[in-house]
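Note: the block below is my_file-v3.txt and it holds compact mmCIF, C-alpha atoms.
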```txt
# COMPACT_ATOMS: atom_id res chain seq x y z
CA MET A 1 -31.03 -61.12 -25.39
CA ILE A 2 -28.38 -59.70 -27.68
CA THR A 3 -26.15 -57.85 -25.26
CA PRO A 4 -23.65 -55.37 -26.74
CA CYS A 5 -20.74 -54.83 -24.37
CA ASN A 6 -19.50 -51.28 -24.33
CA GLY A 7 -17.26 -50.17 -22.43
CA THR A 8 -1.90 -71.32 -20.42
CA ALA A 9 1.19 -72.60 -20.71
CA ARG A 10 4.10 -70.86 -22.42
CA ARG A 11 3.82 -70.90 -26.22
CA ALA A 12 0.83 -73.23 -25.86
CA ARG A 13 -1.87 -70.86 -27.11
CA TRP A 14 -2.50 -69.09 -30.41
CA VAL A 15 0.40 -70.93 -32.02
CA GLY A 16 -0.10 -71.31 -35.76
CA LEU A 17 -2.34 -68.26 -36.25
CA THR A 18 0.31 -66.00 -37.76
CA GLY A 19 -0.83 -65.01 -41.22
CA ALA A 20 -4.12 -66.91 -40.92
CA ALA A 21 -7.50 -65.38 -41.63
CA LEU A 22 -8.37 -65.30 -37.94
CA ALA A 23 -5.26 -63.31 -37.18
CA THR A 24 -6.16 -61.01 -40.08
CA LEU A 25 -9.22 -59.81 -38.22
CA VAL A 26 -7.86 -60.10 -34.72
CA ALA A 27 -4.98 -57.77 -35.44
CA LEU A 28 -4.19 -57.45 -31.78
CA THR A 29 -3.06 -61.06 -31.68
CA ALA A 30 -0.96 -60.98 -34.83
CA CYS A 31 2.77 -61.58 -34.59
CA GLY A 32 5.53 -59.77 -36.38
CA GLY A 33 5.29 -62.04 -39.38
CA ASP A 34 1.84 -60.78 -40.33
CA ASP A 35 1.15 -58.45 -43.20
CA ALA A 36 0.50 -55.03 -41.70
CA GLU A 37 -1.50 -54.04 -44.77
CA THR A 38 -4.08 -56.84 -44.50
CA THR A 39 -6.18 -55.44 -41.68
CA GLU A 40 -7.92 -52.56 -43.41
CA ALA A 41 -11.27 -54.30 -43.03
CA THR A 42 -11.14 -54.17 -39.26
CA SER A 43 -11.52 -51.42 -36.71
CA ILE A 44 -8.21 -52.42 -35.18
CA PRO A 45 -5.53 -51.85 -37.83
CA THR A 46 -1.99 -52.90 -37.13
CA THR A 47 -0.52 -49.43 -37.49
CA ALA A 48 -1.33 -46.03 -36.05
CA SER A 49 0.14 -42.55 -35.99
CA ALA A 50 2.79 -41.96 -33.41
CA ALA A 51 1.84 -39.76 -30.48
CA GLU A 52 3.60 -36.40 -30.40
CA THR A 53 5.30 -36.82 -27.06
CA THR A 54 8.96 -36.47 -26.20
CA ALA A 55 9.54 -36.73 -22.45
CA ASP A 56 11.57 -39.60 -20.97
CA THR A 57 10.11 -42.28 -18.77
CA GLU A 58 10.62 -42.63 -15.07
CA ALA A 59 13.28 -45.02 -13.88
CA PRO A 60 11.79 -48.43 -13.10
CA PRO A 61 11.21 -49.28 -9.46
CA THR A 62 13.56 -51.64 -7.71
CA SER A 63 13.01 -53.98 -4.81
CA THR A 64 15.40 -52.04 -2.58
CA THR A 65 13.67 -49.74 -0.08
CA ALA A 66 14.96 -46.44 1.26
CA SER A 67 15.31 -47.88 4.75
CA ASP A 68 17.44 -50.71 3.38
CA ASP A 69 19.74 -48.21 1.72
CA GLU A 70 20.08 -46.17 4.90
CA ALA A 71 20.89 -49.24 6.96
CA SER A 72 23.53 -50.43 4.55
CA ASP A 73 25.10 -46.97 4.38
CA ALA A 74 25.41 -46.87 8.17
CA ASP A 75 27.39 -50.12 8.24
CA ALA A 76 29.61 -49.44 5.24
CA ALA A 77 33.22 -48.33 5.35
CA PRO A 78 33.91 -44.80 4.03
CA GLY A 79 34.03 -44.75 0.24
CA GLU A 80 32.61 -48.27 -0.14
CA ASP A 81 29.99 -48.83 -2.87
CA THR A 82 26.81 -49.77 -1.00
CA SER A 83 24.38 -49.93 -3.92
CA ALA A 84 22.40 -53.16 -3.88
CA SER A 85 22.04 -54.85 -7.25
CA SER A 86 21.21 -58.23 -8.68
CA TYR A 87 23.01 -57.40 -11.91
CA PRO A 88 24.29 -58.74 -14.15
CA VAL A 89 21.26 -60.96 -14.71
CA THR A 90 20.71 -63.52 -17.46
CA VAL A 91 17.18 -64.15 -18.71
CA GLU A 92 16.19 -67.17 -20.79
CA HIS A 93 13.28 -66.04 -22.94
CA ASP A 94 11.27 -67.03 -26.00
CA ALA A 95 13.90 -65.88 -28.52
CA GLY A 96 17.07 -66.92 -26.71
CA THR A 97 19.20 -65.90 -23.73
CA THR A 98 20.05 -62.31 -22.83
CA THR A 99 22.35 -60.85 -20.19
CA ILE A 100 21.51 -57.45 -18.72
CA ASP A 101 24.55 -55.86 -17.07
CA ALA A 102 22.91 -53.00 -15.15
CA ALA A 103 19.49 -51.88 -13.96
CA PRO A 104 17.64 -50.53 -17.03
CA GLU A 105 16.30 -47.01 -16.91
CA ARG A 106 15.03 -46.55 -20.48
CA ILE A 107 12.87 -49.52 -21.41
CA LEU A 108 11.21 -49.82 -24.80
CA ALA A 109 8.21 -52.05 -25.55
CA VAL A 110 8.04 -53.16 -29.16
CA THR A 111 4.22 -53.36 -29.13
CA ASP A 112 1.32 -52.31 -26.92
CA GLN A 113 0.40 -55.92 -26.27
CA GLY A 114 1.79 -58.43 -23.78
CA GLU A 115 5.10 -56.69 -23.19
CA LEU A 116 3.55 -53.30 -22.46
CA ALA A 117 1.03 -54.94 -20.13
CA ALA A 118 3.78 -56.75 -18.22
CA LEU A 119 5.75 -53.55 -17.72
CA LEU A 120 2.74 -51.51 -16.60
CA ALA A 121 1.56 -54.28 -14.29
CA LEU A 122 4.87 -53.96 -12.45
CA GLY A 123 4.57 -50.18 -12.22
CA ILE A 124 7.20 -49.58 -14.90
CA ARG A 125 6.67 -46.80 -17.43
CA PRO A 126 8.51 -47.53 -20.68
CA VAL A 127 10.28 -44.71 -22.46
CA ALA A 128 8.26 -45.64 -25.57
CA TYR A 129 6.10 -48.38 -27.07
CA GLY A 130 4.87 -49.41 -30.49
CA GLN A 131 1.17 -48.93 -31.06
CA ARG A 132 -0.86 -51.58 -32.89
CA SER A 133 -4.30 -50.79 -31.44
CA PRO A 134 -5.15 -47.11 -31.98
CA MET A 135 -8.30 -47.26 -29.87
CA GLU A 136 -7.81 -46.23 -26.25
CA LEU A 137 -8.11 -49.45 -24.31
CA ALA A 138 -9.43 -48.99 -20.78
CA TYR A 139 -7.14 -51.58 -19.23
CA LEU A 140 -4.07 -49.85 -20.70
CA ALA A 141 -5.38 -46.41 -19.78
CA GLU A 142 -5.93 -47.39 -16.15
CA ALA A 143 -2.38 -48.72 -15.98
CA GLY A 144 -0.92 -45.48 -17.35
CA ALA A 145 -0.15 -46.36 -20.97
CA TYR A 146 -1.38 -43.02 -22.26
CA ASP A 147 0.82 -40.94 -19.99
CA PRO A 148 2.09 -38.11 -22.23
CA ALA A 149 5.58 -38.77 -20.89
CA ILE A 150 5.61 -42.05 -22.83
CA GLU A 151 6.42 -41.79 -26.51
CA VAL A 152 4.38 -43.79 -28.99
CA PHE A 153 5.43 -44.99 -32.42
CA PRO A 154 3.66 -47.10 -35.07
CA SER A 155 4.44 -50.79 -34.66
CA THR A 156 4.41 -52.77 -37.89
CA ALA A 157 5.70 -56.12 -39.08
CA ASP A 158 8.50 -54.26 -40.88
CA ILE A 159 10.58 -53.27 -37.86
CA ASN A 160 12.36 -49.93 -38.10
CA PHE A 161 15.51 -50.57 -36.08
CA GLU A 162 16.78 -47.03 -36.60
CA GLN A 163 13.60 -45.71 -35.03
CA LEU A 164 13.96 -48.06 -32.07
CA ALA A 165 17.55 -46.94 -31.59
CA SER A 166 16.46 -43.29 -31.57
CA PHE A 167 14.81 -43.82 -28.18
CA GLN A 168 18.19 -44.84 -26.71
CA PRO A 169 16.77 -47.76 -24.73
CA ASP A 170 18.88 -49.78 -22.35
CA LEU A 171 16.36 -52.67 -22.43
CA ILE A 172 13.96 -53.77 -25.16
CA VAL A 173 10.98 -56.00 -24.42
CA GLY A 174 9.24 -57.40 -27.48
CA GLN A 175 6.49 -59.81 -28.38
CA THR A 176 7.48 -63.13 -29.91
CA GLY A 177 7.02 -62.91 -33.65
CA PHE A 178 8.45 -59.42 -33.59
CA VAL A 179 11.53 -60.49 -31.66
CA THR A 180 12.69 -63.87 -32.97
CA PRO A 181 15.84 -66.00 -32.73
CA ASP A 182 16.66 -64.82 -36.26
CA ASN A 183 16.55 -61.09 -35.54
CA LEU A 184 17.51 -61.06 -31.85
CA ALA A 185 21.04 -59.94 -32.73
CA LEU A 186 19.66 -56.90 -34.57
CA PHE A 187 17.67 -55.88 -31.51
CA GLU A 188 20.62 -56.50 -29.21
CA GLY A 189 22.74 -54.28 -31.42
CA ILE A 190 20.60 -51.53 -29.90
CA ALA A 191 20.10 -52.81 -26.33
CA PRO A 192 19.67 -56.07 -24.41
CA THR A 193 16.39 -57.59 -25.57
CA ILE A 194 13.98 -60.17 -24.20
CA ALA A 195 11.02 -61.68 -26.03
CA ILE A 196 7.81 -62.65 -24.26
CA ASP A 197 4.81 -64.49 -25.60
CA SER A 198 1.68 -62.37 -26.04
CA ILE A 199 -0.46 -65.02 -24.36
CA GLY A 200 1.89 -66.79 -21.92
CA TRP A 201 1.40 -64.08 -19.35
CA ARG A 202 2.93 -65.87 -16.36
CA GLU A 203 6.34 -66.48 -17.89
CA GLY A 204 6.35 -63.11 -19.63
CA LEU A 205 5.65 -61.29 -16.40
CA LEU A 206 8.34 -63.23 -14.56
CA ASP A 207 10.87 -62.61 -17.35
CA VAL A 208 10.21 -58.87 -17.25
CA GLY A 209 10.47 -58.96 -13.48
CA ALA A 210 13.85 -60.70 -13.67
CA ALA A 211 15.17 -58.26 -16.26
CA THR A 212 14.12 -55.18 -14.27
CA ASP A 213 15.00 -56.33 -10.72
CA ASN A 214 11.29 -56.72 -9.96
CA GLY A 215 11.25 -60.48 -9.54
CA GLU A 216 9.40 -60.47 -6.21
CA ALA A 217 6.81 -58.02 -7.50
CA ALA A 218 6.27 -60.20 -10.55
CA GLU A 219 5.78 -63.28 -8.38
CA ARG A 220 3.24 -61.41 -6.26
CA LYS A 221 1.36 -60.28 -9.36
CA VAL A 222 1.27 -63.82 -10.74
CA ALA A 223 -0.08 -65.08 -7.41
CA GLU A 224 -2.72 -62.33 -7.36
CA LEU A 225 -3.92 -63.20 -10.85
CA GLU A 226 -3.83 -66.92 -10.17
CA ALA A 227 -6.10 -66.29 -7.19
CA LEU A 228 -8.56 -64.44 -9.43
CA LEU A 229 -8.58 -67.32 -11.90
CA ASP A 230 -8.93 -69.91 -9.16
CA GLY A 231 -11.89 -68.06 -7.69
CA PHE A 232 -13.79 -67.65 -10.94
CA ALA A 233 -15.93 -70.77 -10.48
CA GLU A 234 -17.32 -69.36 -7.22
CA ARG A 235 -18.56 -66.31 -9.13
CA VAL A 236 -20.60 -68.39 -11.60
CA PRO A 237 -21.86 -71.54 -9.83
CA PHE A 238 -24.82 -71.68 -12.23
CA ALA A 239 -22.45 -72.32 -15.18
CA GLU A 240 -21.81 -75.96 -14.27
CA GLY A 241 -22.55 -78.26 -17.20
CA ARG A 242 -23.68 -75.49 -19.55
CA THR A 243 -22.47 -75.01 -23.14
CA VAL A 244 -21.04 -71.89 -24.78
CA ASP A 245 -19.82 -71.14 -28.30
CA ILE A 246 -17.55 -68.20 -29.17
CA ILE A 247 -17.22 -67.02 -32.76
CA VAL A 248 -15.27 -64.31 -34.57
CA GLY A 249 -15.35 -63.20 -38.20
CA ALA A 250 -12.58 -62.51 -40.68
CA ARG A 251 -13.07 -61.53 -44.33
CA ASN A 252 -16.49 -63.16 -44.74
CA THR A 253 -15.32 -66.21 -42.83
CA ILE A 254 -16.51 -67.29 -39.39
CA PHE A 255 -14.26 -69.04 -36.92
CA GLN A 256 -15.50 -70.97 -33.91
CA TYR A 257 -13.15 -70.90 -30.93
CA THR A 258 -11.80 -74.29 -29.89
CA ASP A 259 -10.64 -75.89 -26.68
CA PHE A 260 -7.13 -74.73 -27.58
CA ASN A 261 -8.15 -71.15 -26.81
CA VAL A 262 -7.30 -69.67 -23.42
CA LEU A 263 -10.95 -68.67 -22.88
CA ASN A 264 -11.76 -72.37 -22.88
CA ASP A 265 -9.49 -72.93 -19.88
CA ILE A 266 -11.34 -70.29 -17.88
CA LEU A 267 -14.78 -71.56 -18.87
CA VAL A 268 -13.89 -75.17 -18.10
CA SER A 269 -12.57 -74.12 -14.69
CA ALA A 270 -16.11 -72.94 -13.95
CA GLY A 271 -17.67 -76.21 -15.05
CA VAL A 272 -18.70 -75.13 -18.56
CA GLU A 273 -18.40 -77.89 -21.15
CA PRO A 274 -15.21 -77.61 -23.27
CA LEU A 275 -15.28 -75.73 -26.55
CA PRO A 276 -15.01 -77.89 -29.70
CA ALA A 277 -11.73 -79.60 -30.55
CA PRO A 278 -9.67 -78.16 -33.45
CA ASN A 279 -10.42 -79.48 -36.93
CA ASP A 280 -7.18 -78.22 -38.48
CA PRO A 281 -3.84 -78.61 -36.66
CA SER A 282 -2.50 -75.56 -38.51
CA LEU A 283 -5.32 -73.43 -37.03
CA PRO A 284 -5.76 -74.94 -33.58
CA ASN A 285 -7.41 -71.88 -32.10
CA GLY A 286 -10.41 -71.66 -34.41
CA ASN A 287 -12.53 -73.91 -36.62
CA GLU A 288 -13.70 -72.33 -39.87
CA ILE A 289 -17.49 -72.36 -40.21
CA SER A 290 -19.03 -71.86 -43.65
CA GLU A 291 -22.34 -70.07 -44.09
CA GLU A 292 -24.15 -73.29 -44.86
CA ASN A 293 -22.69 -74.91 -41.73
CA LEU A 294 -23.75 -72.19 -39.32
CA GLY A 295 -25.92 -74.77 -37.59
CA LEU A 296 -22.75 -76.25 -36.07
CA ILE A 297 -22.97 -73.36 -33.59
CA ASP A 298 -25.28 -75.29 -31.30
CA ALA A 299 -24.38 -74.26 -27.74
CA GLU A 300 -26.89 -72.86 -25.25
CA ALA A 301 -25.15 -69.47 -25.20
CA LEU A 302 -23.23 -67.70 -27.94
CA VAL A 303 -20.59 -64.97 -27.80
CA VAL A 304 -19.93 -63.00 -31.00
CA LEU A 305 -16.67 -61.06 -31.20
CA ASP A 306 -17.61 -58.27 -33.61
CA PHE A 307 -14.68 -55.88 -33.96
CA THR A 308 -16.18 -53.78 -36.74
CA GLY A 309 -19.90 -54.08 -36.09
CA ALA A 310 -20.32 -55.82 -39.45
CA LEU A 311 -20.38 -59.45 -38.30
CA LEU A 312 -23.70 -59.51 -36.46
CA PRO A 313 -25.74 -58.15 -39.42
CA GLU A 314 -24.04 -60.72 -41.64
CA LEU A 315 -25.01 -63.50 -39.27
CA GLU A 316 -28.57 -62.26 -38.92
CA ALA A 317 -28.94 -62.31 -42.71
CA ASN A 318 -28.21 -66.04 -42.76
CA PRO A 319 -31.45 -68.08 -42.85
CA LEU A 320 -29.92 -70.53 -40.38
CA TRP A 321 -29.32 -67.85 -37.74
CA THR A 322 -32.73 -68.04 -36.09
CA SER A 323 -32.47 -71.82 -35.82
CA LEU A 324 -29.44 -71.65 -33.51
CA PRO A 325 -30.33 -72.64 -29.92
CA ALA A 326 -28.66 -69.55 -28.44
CA VAL A 327 -30.55 -67.25 -30.81
CA ALA A 328 -33.87 -69.01 -30.17
CA ASP A 329 -33.35 -68.62 -26.41
CA ASP A 330 -32.17 -65.01 -26.71
CA ASN A 331 -28.75 -65.96 -25.31
CA VAL A 332 -26.41 -64.08 -27.65
CA THR A 333 -23.78 -61.68 -26.28
CA VAL A 334 -21.80 -59.38 -28.57
CA TRP A 335 -18.34 -58.16 -27.60
CA GLY A 336 -17.17 -55.32 -29.79
CA GLY A 337 -14.32 -52.87 -29.89
CA ALA A 338 -12.22 -52.71 -26.75
CA GLU A 339 -13.96 -55.68 -25.12
CA ALA A 340 -13.24 -57.88 -28.13
CA ALA A 341 -9.65 -56.65 -28.10
CA ALA A 342 -9.21 -57.46 -24.42
CA THR A 343 -10.49 -61.01 -24.82
CA ASN A 344 -7.88 -61.67 -27.50
CA PHE A 345 -5.06 -61.15 -25.04
CA THR A 346 -4.36 -62.95 -21.83
CA ASN A 347 -1.95 -60.79 -19.89
CA ALA A 348 -1.51 -59.23 -16.49
CA LEU A 349 -3.90 -56.39 -17.33
CA THR A 350 -6.60 -58.21 -19.29
CA ILE A 351 -7.24 -61.18 -17.01
CA PRO A 352 -9.55 -59.17 -14.68
CA VAL A 353 -11.35 -57.75 -17.74
CA ILE A 354 -11.81 -61.19 -19.29
CA LEU A 355 -13.17 -62.63 -16.06
CA ASP A 356 -15.67 -59.78 -15.70
CA LEU A 357 -16.85 -60.19 -19.30
CA LEU A 358 -17.25 -63.93 -18.94
CA GLU A 359 -19.09 -63.54 -15.63
CA ALA A 360 -21.51 -61.04 -17.15
CA MET A 361 -22.14 -63.30 -20.15
CA LEU A 362 -22.69 -66.43 -18.07
CA THR A 363 -24.92 -64.55 -15.63
CA ASP A 364 -27.11 -63.18 -18.40
CA ALA A 365 -27.35 -66.59 -20.04
CA PHE A 366 -27.81 -68.92 -17.10
CA ALA A 367 -28.39 -67.21 -13.75
CA GLY A 368 -32.08 -66.61 -14.37
```
Could you spell out this file's structure in structure tokens?
Amino acid sequence: MITPCNGTARRARWVGLTGAALATLVALTACGGDDAETTEATSIPTTASAAETTADTEAPPTSTTASDDEASDADAAPGEDTSASSYPVTVEHDAGTTTIDAAPERILAVTDQGELAALLALGIRPVAYGQRSPMELAYLAEAGAYDPAIEVFPSTADINFEQLASFQPDLIVGQTGFVTPDNLALFEGIAPTIAIDSIGWREGLLDVGAATDNGEAAERKVAELEALLDGFAERVPFAEGRTVDIIVGARNTIFQYTDFNVLNDILVSAGVEPLPAPNDPSLPNGNEISEENLGLIDAEALVVLDFTGALLPELEANPLWTSLPAVADDNVTVWGGAEAAATNFTNALTIPVILDLLEAMLTDAFAG
């Protein structure tokens, strides 16, 4: 059945895709070095109009409780400063090392990708964030990203530092590729800045936790998500030994996901056979498949990431399409729109979404 879906180490994944054709389509995974004007063919352009909102964000939570404050006040000498603080704190991150002198109250996220997810997962509302995916994504909505108190601005590869400064942040969190060792000083001319990888969710979450005095909360969130990942195999016992292919299209080119992709790690943890190895070291995440080589897609089940709705008709027009095992067995699942977007990020908010999508796909393909 063709089923439309409506509705891991640091720096070890998606490396080398910047500027590649796959990143052209999957705009949500593109880094700051991409060309913001090359995504007009997709439903997920890299820029969007800024939301017309002006209110400030709430101050981020801290690990100090009210009862702790009251207890310390009772024991303190008159006039003594009793405020508990871990600051200054130094964070080693993907673009360098940054020292944060005081608890940040106005935090800016450069994009709506991994850094926004890390903040929201810790209950922190940024003062503003850069929007690269104009569609309303359910996982961001549920976490509060579309709160009208949060300002939104268009995030492009050409960073507008004056615009960032206008939000008067006291901490900037940015995705690697946007924040780099070369431009870190420009960001830090505005506010202390940390860079986190858009896929290395564990380290990114812990870095944001350290920078915002939410280290324990970040550790708890990592443990919670690790437990979900560890328990995935129990949800799909029928997946043992089965084969799956995942493909995505970009400018009349098809890419087959490889075992370098984070989705491979999750599938393999459930006993699914590994995705194919990379053919090109410069594009480790996806192997290019020409029209005449469509028969290389030979797994029992097939997932098609169709952001625009144009890829599936293109595939169906290929004479080789009906010869694919997954097509012959009616085992094709299509992820479009928000679901395709979610599967192209592995972060604190998308992991539950990815696991649910994979479970549904594997169940439809193999449980019967």
_If we count all atoms listed in the file and set the cut-off at 12 Å, which residues sit around Asn293 of chain A, ignoring sequence neighbours fewer than 3 positions away in its own chain? Please answer as a PyMOL selection string._
chain A and resi 253-256+287-290+296-298+315+318-321+323-324
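Separating atom CA of Ile100 of chain A from atom CA of Ala218 of chain A is a distance of 17.5 Å.
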*Separation of atom CA of Asn261 of chain A and atom CA of Gly286 of chain A, in Å?*
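Atom-to-atom, atom CA of Asn261 of chain A and atom CA of Gly286 of chain A are spaced 7.9 Å apart.
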_When you look at Val173 of chain A with a cut-off of 12 Å (counting all atoms listed in the file), what residues show up, excluding the ones that are within fewer than 5 positions of it in the same chain? I need them as a VMD selection string._
chain A and resid 91 93 to 95 98 104 106 to 119 126 to 130 164 178 to 180 184 187 to 188 190 to 198 204 to 205 207 to 209 211 to 212
_For atom CA of Ala103 of chain A and atom CA of Glu226 of chain A, the interatomic separation in Å (one decimal)_ = 28.0 Å
_Surrounding residues of Leu263 of chain A excluding itself and chain neighbours under 6 positions, 12 Å, only C-alpha atoms, as a PyMOL selection string_ = chain A and resi 8+13-14+199+229+244-247+257+269-270+272-275+285-286+303+342-346+350-351+354-355+357-358
